[in-house]
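The structure file entry_20.txt is reproduced below (compact mmCIF, C-alpha atoms and all ligand atoms).
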# COMPACT_ATOMS: atom_id res chain seq x y z
CA MET A 1 0.00 0.00 0.00
CA ILE A 2 1.40 3.42 -0.96
CA THR A 3 1.48 5.63 2.12
CA ARG A 4 0.88 9.36 2.48
CA SER A 5 4.50 10.01 3.39
CA ALA A 6 5.78 7.97 0.40
CA LEU A 7 3.63 10.07 -1.93
CA LEU A 8 4.78 13.28 -0.26
CA PHE A 9 8.40 12.09 -0.63
CA LEU A 10 7.80 11.50 -4.36
CA ALA A 11 6.20 14.95 -4.61
CA ARG A 12 9.56 16.49 -3.64
CA GLN A 13 11.61 14.62 -6.27
CA GLU A 14 12.55 17.24 -8.84
CA LYS A 15 13.68 14.68 -11.43
CA LEU A 16 10.31 12.93 -11.44
CA LYS A 17 8.68 16.28 -12.17
CA ASP A 18 9.90 16.27 -15.79
CA LEU A 19 9.56 12.53 -16.23
CA ALA A 20 5.91 12.56 -15.13
CA ALA A 21 5.12 15.46 -17.45
CA SER A 22 6.45 13.48 -20.42
CA PHE A 23 3.80 10.76 -20.01
CA GLY A 24 0.63 11.82 -21.77
CA PHE A 25 -1.55 9.45 -19.75
CA PHE A 26 -0.23 10.83 -16.44
CA LYS A 27 -0.94 14.34 -17.62
CA ARG A 28 -4.48 13.35 -18.59
CA MET A 29 -5.06 12.16 -15.03
CA THR A 30 -4.20 15.59 -13.72
CA THR A 31 -7.17 17.21 -15.45
CA ARG A 32 -9.31 16.23 -12.49
CA PHE A 33 -7.28 18.54 -10.20
CA VAL A 34 -5.60 20.98 -12.61
CA ALA A 35 -7.67 23.34 -14.77
CA GLY A 36 -5.36 23.45 -17.79
CA GLU A 37 -1.98 24.79 -18.84
CA ASP A 38 -2.67 28.47 -19.46
CA ILE A 39 -4.64 31.44 -18.13
CA ASP A 40 -7.41 31.08 -20.70
CA GLU A 41 -8.13 27.48 -19.75
CA ALA A 42 -8.18 28.37 -16.04
CA ALA A 43 -10.39 31.40 -16.75
CA ALA A 44 -12.87 29.19 -18.63
CA ALA A 45 -13.01 26.83 -15.64
CA ILE A 46 -13.61 29.82 -13.36
CA GLN A 47 -16.43 31.11 -15.54
CA HIS A 48 -18.14 27.77 -15.06
CA ILE A 49 -17.46 27.83 -11.29
CA ASN A 50 -19.01 31.33 -11.13
CA GLU A 51 -22.08 30.04 -12.97
CA LEU A 52 -22.46 27.42 -10.25
CA GLY A 53 -22.60 30.20 -7.65
CA CYS A 54 -19.01 29.99 -6.34
CA THR A 55 -16.09 32.42 -6.51
CA ALA A 56 -12.52 31.29 -7.25
CA SER A 57 -8.82 31.83 -6.68
CA PHE A 58 -6.28 31.45 -9.50
CA ASP A 59 -3.13 29.52 -8.64
CA HIS A 60 -0.33 29.39 -11.21
CA LEU A 61 1.54 26.19 -10.36
CA ASN A 62 5.29 26.62 -10.08
CA GLU A 63 6.76 26.26 -6.60
CA GLY A 64 10.39 26.22 -5.51
CA VAL A 65 11.74 28.23 -8.45
CA SER A 66 15.53 28.45 -8.54
CA SER A 67 16.31 31.38 -10.85
CA ILE A 68 15.62 35.09 -10.57
CA ALA A 69 14.34 35.19 -14.15
CA GLU A 70 11.81 32.42 -13.44
CA ALA A 71 10.61 34.20 -10.28
CA GLU A 72 10.14 37.40 -12.30
CA GLY A 73 8.26 35.39 -14.91
CA GLU A 74 5.85 34.39 -12.15
CA VAL A 75 5.23 38.05 -11.32
CA ALA A 76 4.42 38.73 -14.99
CA GLU A 77 2.04 35.73 -15.01
CA TYR A 78 0.15 37.05 -11.96
CA LEU A 79 -0.09 40.57 -13.40
CA ALA A 80 -1.61 38.98 -16.51
CA ILE A 81 -4.07 36.99 -14.36
CA LEU A 82 -5.21 40.14 -12.53
CA ARG A 83 -5.72 41.89 -15.88
CA LYS A 84 -7.68 38.92 -17.21
CA ILE A 85 -9.99 38.84 -14.19
CA ASP A 86 -11.02 42.46 -14.84
CA GLU A 87 -11.13 42.05 -18.61
CA ILE A 88 -13.61 39.18 -18.64
CA LYS A 89 -15.24 40.12 -15.30
CA ILE A 90 -14.93 36.87 -13.44
CA LYS A 91 -15.26 36.57 -9.67
CA SER A 92 -11.80 35.52 -8.62
CA ASN A 93 -8.81 36.55 -6.57
CA VAL A 94 -5.31 35.00 -6.73
CA SER A 95 -3.21 32.70 -4.53
CA ILE A 96 0.59 32.83 -4.59
CA LYS A 97 3.39 30.76 -3.08
CA LEU A 98 6.48 32.61 -1.89
CA THR A 99 8.88 29.90 -3.15
CA GLN A 100 7.42 30.72 -6.55
CA PHE A 101 8.67 34.30 -6.17
CA GLY A 102 12.20 33.32 -5.15
CA LEU A 103 12.11 32.38 -1.46
CA ASP A 104 14.76 29.69 -2.00
CA ILE A 105 17.02 32.39 -3.53
CA ASP A 106 16.53 35.55 -1.46
CA PRO A 107 13.73 36.74 0.89
CA GLU A 108 14.18 40.41 -0.18
CA LEU A 109 13.71 39.52 -3.84
CA THR A 110 10.64 37.51 -2.81
CA TYR A 111 9.18 40.43 -0.89
CA ARG A 112 9.68 42.75 -3.89
CA ASN A 113 8.09 40.24 -6.26
CA ALA A 114 5.11 39.58 -3.98
CA ARG A 115 4.75 43.33 -3.39
CA ALA A 116 4.48 43.97 -7.15
CA VAL A 117 1.56 41.53 -7.36
CA VAL A 118 -0.20 42.86 -4.24
CA ALA A 119 0.20 46.46 -5.48
CA GLU A 120 -1.46 45.52 -8.78
CA ALA A 121 -4.25 43.69 -6.94
CA ALA A 122 -4.79 46.73 -4.67
CA LYS A 123 -5.01 48.98 -7.73
CA ARG A 124 -7.70 46.69 -9.10
CA ASN A 125 -9.53 46.20 -5.76
CA ASN A 126 -8.57 42.57 -5.72
CA PHE A 127 -6.99 40.27 -3.17
CA VAL A 128 -3.83 38.14 -2.95
CA ARG A 129 -3.71 35.10 -0.69
CA VAL A 130 -0.23 34.03 0.38
CA ASP A 131 -0.33 30.21 0.55
CA MET A 132 1.59 28.44 3.31
CA GLU A 133 4.30 25.91 2.38
CA GLN A 134 6.67 23.66 4.40
CA SER A 135 7.36 24.46 8.06
CA ALA A 136 10.93 25.51 7.15
CA VAL A 137 9.41 28.64 5.61
CA THR A 138 6.48 29.30 7.98
CA GLN A 139 8.17 32.14 9.87
CA VAL A 140 9.63 33.90 6.83
CA THR A 141 6.25 33.61 5.08
CA ILE A 142 4.53 35.26 8.04
CA ASP A 143 7.25 37.94 8.20
CA ILE A 144 6.88 38.83 4.52
CA PHE A 145 3.10 38.78 4.82
CA ARG A 146 3.28 41.21 7.78
CA ARG A 147 5.39 43.64 5.74
CA LEU A 148 2.88 43.49 2.91
CA ARG A 149 -0.04 43.88 5.29
CA ASP A 150 1.62 46.95 6.89
CA GLU A 151 1.54 48.59 3.52
CA PHE A 152 -1.69 47.28 2.03
CA ASP A 153 -5.29 47.01 3.12
CA LEU A 154 -6.93 44.08 4.94
CA ASN A 155 -8.86 43.32 1.75
CA ASN A 156 -5.81 43.26 -0.51
CA VAL A 157 -3.62 40.60 1.09
CA GLY A 158 -4.18 37.59 3.35
CA ILE A 159 -2.35 34.53 4.61
CA VAL A 160 -2.81 30.80 5.25
CA LEU A 161 -2.29 28.84 8.48
CA GLN A 162 -2.11 25.04 8.78
CA ALA A 163 -3.95 23.28 11.61
CA TYR A 164 -1.41 20.43 11.79
CA LEU A 165 1.29 22.82 13.06
CA ARG A 166 1.61 23.11 16.84
CA ARG A 167 2.32 26.85 16.56
CA THR A 168 -0.80 27.70 14.54
CA TYR A 169 -3.26 28.66 17.29
CA ASP A 170 -0.74 31.19 18.67
CA ASP A 171 0.00 32.49 15.16
CA ALA A 172 -3.74 32.98 14.60
CA VAL A 173 -4.09 34.95 17.86
CA GLU A 174 -1.18 37.23 16.89
CA LEU A 175 -2.27 37.72 13.27
CA LEU A 176 -5.83 38.58 14.33
CA LYS A 177 -4.44 41.54 16.27
CA ILE A 178 -3.31 43.25 13.01
CA PRO A 179 -6.01 42.15 11.87
CA ALA A 180 -5.32 39.74 9.01
CA ARG A 181 -7.55 37.70 6.77
CA ILE A 182 -6.61 34.07 7.32
CA ARG A 183 -7.33 30.86 5.43
CA ILE A 184 -7.23 27.88 7.79
CA CYS A 185 -6.45 24.50 6.18
CA LYS A 186 -5.21 21.21 7.67
CA GLY A 187 -1.76 21.32 5.96
CA ALA A 188 -0.46 19.32 3.01
CA TYR A 189 3.26 18.65 3.63
CA ASN A 190 5.27 15.98 5.42
CA GLU A 191 6.27 17.47 8.77
CA PRO A 192 8.21 16.10 11.76
CA ALA A 193 6.40 15.48 15.06
CA GLU A 194 8.33 18.32 16.74
CA VAL A 195 6.44 20.87 14.69
CA ALA A 196 3.24 19.09 13.61
CA PHE A 197 0.69 16.80 15.29
CA PRO A 198 1.34 13.23 14.14
CA ASP A 199 -2.27 12.24 14.93
CA LYS A 200 -5.02 13.32 12.56
CA ALA A 201 -7.43 13.66 15.52
CA ASP A 202 -5.19 16.35 17.06
CA THR A 203 -5.04 18.23 13.75
CA ASP A 204 -8.84 18.07 13.50
CA ASN A 205 -9.27 19.34 17.08
CA ASN A 206 -6.86 22.18 16.41
CA TYR A 207 -8.66 22.99 13.15
CA ILE A 208 -11.95 23.37 15.02
CA ARG A 209 -10.32 25.51 17.74
CA VAL A 210 -8.80 27.87 15.16
CA MET A 211 -11.98 27.91 13.04
CA LYS A 212 -13.97 29.08 16.10
CA LEU A 213 -11.41 31.79 16.83
CA LEU A 214 -11.54 33.01 13.22
CA VAL A 215 -15.27 33.09 12.61
CA SER A 216 -15.83 34.85 15.96
CA SER A 217 -13.24 37.54 15.19
CA GLY A 218 -15.37 39.83 13.01
CA THR A 219 -12.82 39.64 10.15
CA TYR A 220 -13.64 37.76 6.91
CA HIS A 221 -11.73 34.45 6.80
CA GLY A 222 -11.54 31.30 4.66
CA ILE A 223 -12.44 27.89 6.09
CA ALA A 224 -10.64 25.58 3.65
CA THR A 225 -11.57 21.91 3.86
CA HIS A 226 -13.48 19.09 2.19
CA ASP A 227 -13.94 17.28 5.46
CA PRO A 228 -17.66 16.99 6.30
CA LYS A 229 -16.75 16.92 10.03
CA MET A 230 -14.99 20.30 9.79
CA ILE A 231 -17.79 21.75 7.65
CA ASP A 232 -20.51 20.53 10.04
CA ALA A 233 -18.58 21.88 13.02
CA THR A 234 -18.37 25.29 11.29
CA VAL A 235 -22.06 25.33 10.32
CA ASP A 236 -23.09 24.26 13.85
CA PHE A 237 -20.88 26.87 15.48
CA VAL A 238 -21.94 29.85 13.34
CA THR A 239 -25.59 28.87 13.66
CA LYS A 240 -25.32 28.62 17.46
CA GLU A 241 -23.41 31.90 17.74
CA GLY A 242 -25.66 33.77 15.28
CA ILE A 243 -22.75 34.52 12.94
CA GLY A 244 -24.03 35.41 9.44
CA LYS A 245 -23.32 33.20 6.43
CA ASP A 246 -21.76 36.23 4.71
CA LYS A 247 -19.13 36.69 7.44
CA PHE A 248 -16.74 33.97 6.16
CA GLU A 249 -16.28 31.65 3.20
CA PHE A 250 -15.75 27.94 2.70
CA GLN A 251 -12.89 27.13 0.35
CA MET A 252 -12.28 23.92 -1.59
CA LEU A 253 -9.94 22.68 -4.28
CA TYR A 254 -10.80 22.36 -7.96
CA GLY A 255 -12.01 18.84 -8.67
CA VAL A 256 -12.51 17.81 -5.03
CA ARG A 257 -16.05 17.33 -3.67
CA ARG A 258 -17.74 19.39 -6.39
CA ASP A 259 -21.09 18.15 -5.06
CA LEU A 260 -20.37 19.69 -1.67
CA GLN A 261 -19.17 22.97 -3.22
CA VAL A 262 -22.46 23.39 -5.10
CA GLN A 263 -24.56 22.23 -2.14
CA LEU A 264 -23.01 24.76 0.25
CA ALA A 265 -23.44 27.56 -2.31
CA ARG A 266 -27.10 26.56 -2.72
CA ASP A 267 -27.47 26.64 1.07
CA GLY A 268 -26.41 30.29 0.98
CA TYR A 269 -22.76 30.00 2.06
CA ASN A 270 -19.95 31.78 0.29
CA VAL A 271 -17.81 29.14 -1.44
CA ARG A 272 -14.47 29.80 -3.14
CA VAL A 273 -12.80 27.22 -5.36
CA TYR A 274 -9.01 27.21 -5.63
CA VAL A 275 -8.13 26.74 -9.30
CA PRO A 276 -4.58 25.60 -10.09
CA TYR A 277 -3.26 25.61 -13.63
CA GLY A 278 0.08 25.49 -15.42
CA LYS A 279 2.76 23.14 -16.66
CA HIS A 280 4.43 22.51 -13.30
CA TRP A 281 1.62 20.42 -11.85
CA TYR A 282 3.64 17.48 -10.50
CA PRO A 283 4.15 18.39 -6.78
CA TYR A 284 0.60 19.77 -6.45
CA PHE A 285 -0.88 16.67 -8.07
CA MET A 286 1.16 14.32 -5.85
CA ARG A 287 -0.03 16.14 -2.70
CA ARG A 288 -3.64 15.62 -3.82
CA LEU A 289 -2.96 11.89 -4.25
CA ALA A 290 -1.37 11.79 -0.79
CA GLU A 291 -4.53 13.25 0.77
CA ARG A 292 -6.58 10.40 -0.54
CA PRO A 293 -4.58 7.30 -1.45
CA ALA A 294 -7.77 5.90 -3.11
CA ASN A 295 -7.01 8.44 -5.87
CA VAL A 296 -3.80 6.49 -6.61
CA TRP A 297 -5.90 3.47 -7.64
CA PHE A 298 -8.01 5.70 -9.82
CA VAL A 299 -4.83 6.88 -11.57
CA LEU A 300 -3.36 3.35 -11.85
CA LYS A 301 -6.60 1.93 -13.28
CA ASN A 302 -6.60 4.63 -15.95
CA MET A 303 -2.93 4.04 -16.71
CA VAL A 304 -3.66 0.38 -17.37
CA LYS A 305 -6.58 1.31 -19.60
CA GLY A 306 -4.13 3.60 -21.46
C1 LIG B 401 -8.80 26.18 -0.81
C2 LIG B 401 -7.68 25.39 -0.22
C3 LIG B 401 -6.43 25.96 -0.12
C4 LIG B 401 -5.37 25.26 0.46
N1 LIG B 401 -4.18 25.88 0.66
C5 LIG B 401 -3.19 25.23 1.31
C6 LIG B 401 -1.99 25.88 1.70
O1 LIG B 401 -1.77 27.08 1.45
N2 LIG B 401 -1.05 25.16 2.35
C7 LIG B 401 -1.24 23.84 2.67
O2 LIG B 401 -0.36 23.24 3.31
N3 LIG B 401 -2.36 23.20 2.32
C8 LIG B 401 -3.34 23.86 1.65
N4 LIG B 401 -4.50 23.19 1.33
C9 LIG B 401 -4.58 21.72 1.48
C10 LIG B 401 -5.02 21.32 2.86
O3 LIG B 401 -3.99 21.62 3.78
C11 LIG B 401 -5.33 19.82 2.92
O4 LIG B 401 -4.20 19.08 2.57
C12 LIG B 401 -6.48 19.39 2.04
O5 LIG B 401 -7.49 20.36 1.99
C13 LIG B 401 -7.10 18.09 2.57
O6 LIG B 401 -7.62 18.31 3.85
P1 LIG B 401 -9.19 18.30 4.18
O7 LIG B 401 -9.45 19.42 5.11
O8 LIG B 401 -9.96 18.34 2.93
O9 LIG B 401 -9.45 17.00 5.03
P2 LIG B 401 -9.01 15.49 4.89
O10 LIG B 401 -9.13 14.93 6.27
O11 LIG B 401 -7.71 15.33 4.17
O12 LIG B 401 -10.13 14.89 3.95
C14 LIG B 401 -11.49 14.83 4.34
C15 LIG B 401 -12.31 14.25 3.20
O13 LIG B 401 -12.27 15.16 2.09
C16 LIG B 401 -12.19 14.44 0.85
N5 LIG B 401 -10.90 14.75 0.21
C17 LIG B 401 -9.87 15.43 0.74
N6 LIG B 401 -8.85 15.53 -0.13
C18 LIG B 401 -9.24 14.90 -1.24
C19 LIG B 401 -8.63 14.66 -2.50
N7 LIG B 401 -7.40 15.10 -2.79
N8 LIG B 401 -9.33 13.95 -3.42
C20 LIG B 401 -10.58 13.52 -3.15
N9 LIG B 401 -11.21 13.71 -1.96
C21 LIG B 401 -10.55 14.38 -1.03
C22 LIG B 401 -12.31 12.99 1.21
O14 LIG B 401 -13.67 12.66 1.19
C23 LIG B 401 -11.78 12.94 2.64
O15 LIG B 401 -12.27 11.85 3.34
C24 LIG B 401 -5.58 23.91 0.84
C25 LIG B 401 -6.83 23.33 0.73
C26 LIG B 401 -7.88 24.05 0.23
C27 LIG B 401 -9.22 23.42 0.17

Taking this structure as input, can you express it in the form of structure tokens?
Amino acid sequence: MITRSALLFLARQEKLKDLAASFGFFKRMTTRFVAGEDIDEAAAAIQHINELGCTASFDHLNEGVSSIAEAEGEVAEYLAILRKIDEIKIKSNVSIKLTQFGLDIDPELTYRNARAVVAEAAKRNNFVRVDMEQSAVTQVTIDIFRRLRDEFDLNNVGIVLQAYLRRTYDDAVELLKIPARIRICKGAYNEPAEVAFPDKADTDNNYIRVMKLLVSSGTYHGIATHDPKMIDATVDFVTKEGIGKDKFEFQMLYGVRRDLQVQLARDGYNVRVYVPYGKHWYPYFMRRLAERPANVWFVLKNMVKG
């Protein structure tokens, strides 16, 4: 049986990235989770998502870039996305990863690159979500986010926290003081027990604790999960506390639990779908397989079918 950590290990293998992309059948499998290779394909997927009553967030896949030119190319891509959103009037913001803007090269370069995208979003009254990556970069990600937030409005830049990290509740308390718009998710990387809860039950308990803190704070946050237990806990809590459905949003990934996305939107909740696209899909795709090893069998079955 392929384990979560084996899949997450494979996700980090740079050489497999190119090998996987060269297999047409593997690439075809990604279409469930990845909305295409360019902005136009992702925009078409978002138009459909909007028609179903949900908003979206563009994510250009390309993490861990290792050259300054590539990081600058990512800035250009995001400026083009922000233009496209206004041009065709779709309901979407953008999500970025700091390793995409050069975090493995130089934090100052990363700050400047992220700043260029947030400034453009602010000009267009849009919003940039800074995704959270491995625990090795949690602190620097928060530090860069704080600098951006100092300069830009609450509704122009936000951050992500991961419930599996032991530090997250304290981070949420501190970030709410600014205040900051936070997306809470469970966390998608392989982390050691010193920094992350090894037991899923502890992550779930922490998720619910942080969710309650967020939705009670009066700031608009994102509750990102496909887990019916987390969703029910949120619905129960906001109903009991009399917190309006418009005071937060549920967030889910493209291709995961579409039924639930539409159902929650029909029930009057704000739902945002995170829409990844691009050629560098390998690590993202492998993390999705790791979340649900049953998806591996789905991929293998289709490989055999050719
Ligand atoms: C909008 C959004 C943004 C995110 N941003 C980040 C981020 O910045 N940093 C980060 O570390 N992580 C991020 N994640 C990923 C997140 O951390 C989890 O890895 C992922 O959401 C799975 O956790 P879960 O809450 O859905 O619950 P789980 O306990 O993993 O799953 C609960 C149930 O959801 C369904 N499900 C979950 N995943 C899948 C899947 N891949 N395929 C099919 N069914 C599935 C299954 O029915 C499963 O039983 C994000 C997730 C979302 C939804």

Could you list, as a PDB file with C-alpha atoms, in the coordinates of the input, all residues that come within 7 Å of ligand LIG 401 (chain B)? Count only C-alpha atoms and all ligand atoms.
ATOM      1  CA  ASP A 131      -0.330  30.210   0.550  1.00  0.00           C
ATOM      2  CA  MET A 132       1.590  28.440   3.310  1.00  0.00           C
ATOM      3  CA  GLU A 133       4.300  25.910   2.380  1.00  0.00           C
ATOM      4  CA  VAL A 160      -2.810  30.800   5.250  1.00  0.00           C
ATOM      5  CA  GLN A 162      -2.110  25.040   8.780  1.00  0.00           C
ATOM      6  CA  CYS A 185      -6.450  24.500   6.180  1.00  0.00           C
ATOM      7  CA  LYS A 186      -5.210  21.210   7.670  1.00  0.00           C
ATOM      8  CA  GLY A 187      -1.760  21.320   5.960  1.00  0.00           C
ATOM      9  CA  ALA A 188      -0.460  19.320   3.010  1.00  0.00           C
ATOM     10  CA  TYR A 189       3.260  18.650   3.630  1.00  0.00           C
ATOM     11  CA  ALA A 224     -10.640  25.580   3.650  1.00  0.00           C
ATOM     12  CA  THR A 225     -11.570  21.910   3.860  1.00  0.00           C
ATOM     13  CA  HIS A 226     -13.480  19.090   2.190  1.00  0.00           C
ATOM     14  CA  ASP A 227     -13.940  17.280   5.460  1.00  0.00           C
ATOM     15  CA  PRO A 228     -17.660  16.990   6.300  1.00  0.00           C
ATOM     16  CA  GLN A 251     -12.890  27.130   0.350  1.00  0.00           C
ATOM     17  CA  MET A 252     -12.280  23.920  -1.590  1.00  0.00           C
ATOM     18  CA  LEU A 253      -9.940  22.680  -4.280  1.00  0.00           C
ATOM     19  CA  VAL A 256     -12.510  17.810  -5.030  1.00  0.00           C
ATOM     20  CA  ARG A 257     -16.050  17.330  -3.670  1.00  0.00           C
ATOM     21  CA  VAL A 273     -12.800  27.220  -5.360  1.00  0.00           C
ATOM     22  CA  TYR A 274      -9.010  27.210  -5.630  1.00  0.00           C
ATOM     23  CA  ARG A 288      -3.640  15.620  -3.820  1.00  0.00           C
ATOM     24  CA  LEU A 289      -2.960  11.890  -4.250  1.00  0.00           C
ATOM     25  CA  GLU A 291      -4.530  13.250   0.770  1.00  0.00           C
ATOM     26  CA  ARG A 292      -6.580  10.400  -0.540  1.00  0.00           C
ATOM     27  CA  ASN A 295      -7.010   8.440  -5.870  1.00  0.00           C
TER      28      ASN A 295
END

>> Just the number, please: distance in Å from CA of Pro276 (chain A) to CA of Asn93 (chain A), one decimal.
In response: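 Value for the CA of Pro276 (chain A)-CA of Asn93 (chain A) distance: 12.3 Å.
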
Min atom-atom distance to Ala136 (chain A) from the set A:Leu176, A:Val195, A:Ile182, A:Val210, counting all atoms listed in the file, belongs to A:Val195

Which distance in Å separates CA of Leu260 (chain A) and CA of Thr30 (chain A), to one decimal?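 Computing the Euclidean distance for CA of Leu260 (chain A) and CA of Thr30 (chain A) yields 20.6 Å.
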
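The residue set within 6 Å of region 78-91 of chain A, counting all atoms listed in the file and dropping same-chain residues fewer than 2 places from it, reads Thr55, Val75 and Ala76 of chain A.
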
Pairwise distance, CA of Ala56 (chain A) with CA of Asn270 (chain A), equals 10.6 Å

| said: Using all atoms listed in the file - which residues lie no farther than 10 Å from the point (-13.6, 32.5, 13.3) in the file's frame? Write them as a list in words. | reply: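 With a cut-off of 10 Å, the residues come to Ala172, Leu176, Ile182, Ile184, Ile208, Arg209, Val210, Met211, Lys212, Leu213, Leu214, Val215, Ser216, Ser217, Gly218, Thr219, Tyr220, His221, Gly222, Ile223, Thr234, Phe237, Val238, Ile243, Lys247 and Phe248 of chain A.
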
Checklist entry - For Ala193 (chain A), which residue among A:Arg166, A:Gln139, A:Trp297, A:Leu175 is the nearest when counting only C-alpha atoms? => result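 Between A:Arg166, A:Gln139, A:Trp297, A:Leu175, the residue approaching Ala193 (chain A) most closely is A:Arg166.
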
Which of these residues is nearest to Tyr282 (chain A), using all atoms listed in the file: A:Leu7, A:Val128, A:Leu103, A:Ile49?
->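 Looking at the shortest contact to Tyr282 (chain A), the residue is A:Leu7.
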
| query | Hey, what's within 8 Å of Ile142 (chain A) if we count only C-alpha atoms and toss same-chain stuff fewer than 4 positions away? As a ChimeraX atom specification, please? | reply | /A:138,146,159

Can you take the partial region 103-121 of chain A, add N, CA and C atoms, and return it as an mmCIF file, keeping the file's coordinate frame?
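Just written: selection-v5.cif:
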data_model
loop_
_atom_site.group_PDB
_atom_site.id
_atom_site.type_symbol
_atom_site.label_atom_id
_atom_site.label_comp_id
_atom_site.auth_asym_id
_atom_site.auth_seq_id
_atom_site.Cartn_x
_atom_site.Cartn_y
_atom_site.Cartn_z
ATOM 1 N N LEU A 103 11.761 32.536 -2.874
ATOM 2 C CA LEU A 103 12.110 32.380 -1.460
ATOM 3 C C LEU A 103 13.345 31.496 -1.238
ATOM 4 N N ASP A 104 13.567 30.537 -2.145
ATOM 5 C CA ASP A 104 14.760 29.690 -2.000
ATOM 6 C C ASP A 104 16.032 30.429 -2.453
ATOM 7 N N ILE A 105 15.850 31.619 -3.060
ATOM 8 C CA ILE A 105 17.020 32.390 -3.530
ATOM 9 C C ILE A 105 17.317 33.533 -2.565
ATOM 10 N N ASP A 106 16.287 34.349 -2.266
ATOM 11 C CA ASP A 106 16.530 35.550 -1.460
ATOM 12 C C ASP A 106 15.187 36.130 -0.964
ATOM 13 N N PRO A 107 14.997 36.223 0.359
ATOM 14 C CA PRO A 107 13.730 36.740 0.890
ATOM 15 C C PRO A 107 13.417 38.183 0.443
ATOM 16 N N GLU A 108 14.441 39.019 0.247
ATOM 17 C CA GLU A 108 14.180 40.410 -0.180
ATOM 18 C C GLU A 108 13.614 40.456 -1.590
ATOM 19 N N LEU A 109 14.212 39.627 -2.460
ATOM 20 C CA LEU A 109 13.710 39.520 -3.840
ATOM 21 C C LEU A 109 12.255 39.033 -3.806
ATOM 22 N N THR A 110 11.987 38.070 -2.927
ATOM 23 C CA THR A 110 10.640 37.510 -2.810
ATOM 24 C C THR A 110 9.652 38.577 -2.381
ATOM 25 N N TYR A 111 10.051 39.356 -1.371
ATOM 26 C CA TYR A 111 9.180 40.430 -0.890
ATOM 27 C C TYR A 111 8.867 41.394 -2.036
ATOM 28 N N ARG A 112 9.907 41.795 -2.794
ATOM 29 C CA ARG A 112 9.680 42.750 -3.890
ATOM 30 C C ARG A 112 8.745 42.161 -4.942
ATOM 31 N N ASN A 113 8.949 40.884 -5.256
ATOM 32 C CA ASN A 113 8.090 40.240 -6.260
ATOM 33 C C ASN A 113 6.642 40.149 -5.777
ATOM 34 N N ALA A 114 6.476 39.707 -4.518
ATOM 35 C CA ALA A 114 5.110 39.580 -3.980
ATOM 36 C C ALA A 114 4.467 40.964 -3.902
ATOM 37 N N ARG A 115 5.275 41.959 -3.521
ATOM 38 C CA ARG A 115 4.750 43.330 -3.390
ATOM 39 C C ARG A 115 4.203 43.829 -4.730
ATOM 40 N N ALA A 116 4.923 43.513 -5.821
ATOM 41 C CA ALA A 116 4.480 43.970 -7.150
ATOM 42 C C ALA A 116 3.087 43.401 -7.463
ATOM 43 N N VAL A 117 2.857 42.160 -7.070
ATOM 44 C CA VAL A 117 1.560 41.530 -7.360
ATOM 45 C C VAL A 117 0.473 42.114 -6.439
ATOM 46 N N VAL A 118 0.809 42.307 -5.159
ATOM 47 C CA VAL A 118 -0.200 42.860 -4.240
ATOM 48 C C VAL A 118 -0.542 44.302 -4.636
ATOM 49 N N ALA A 119 0.464 45.069 -5.070
ATOM 50 C CA ALA A 119 0.200 46.460 -5.480
ATOM 51 C C ALA A 119 -0.769 46.488 -6.665
ATOM 52 N N GLU A 120 -0.558 45.576 -7.615
ATOM 53 C CA GLU A 120 -1.460 45.520 -8.780
ATOM 54 C C GLU A 120 -2.872 45.094 -8.346
ATOM 55 N N ALA A 121 -2.938 44.135 -7.438
ATOM 56 C CA ALA A 121 -4.250 43.690 -6.940
ATOM 57 C C ALA A 121 -4.948 44.848 -6.233
#
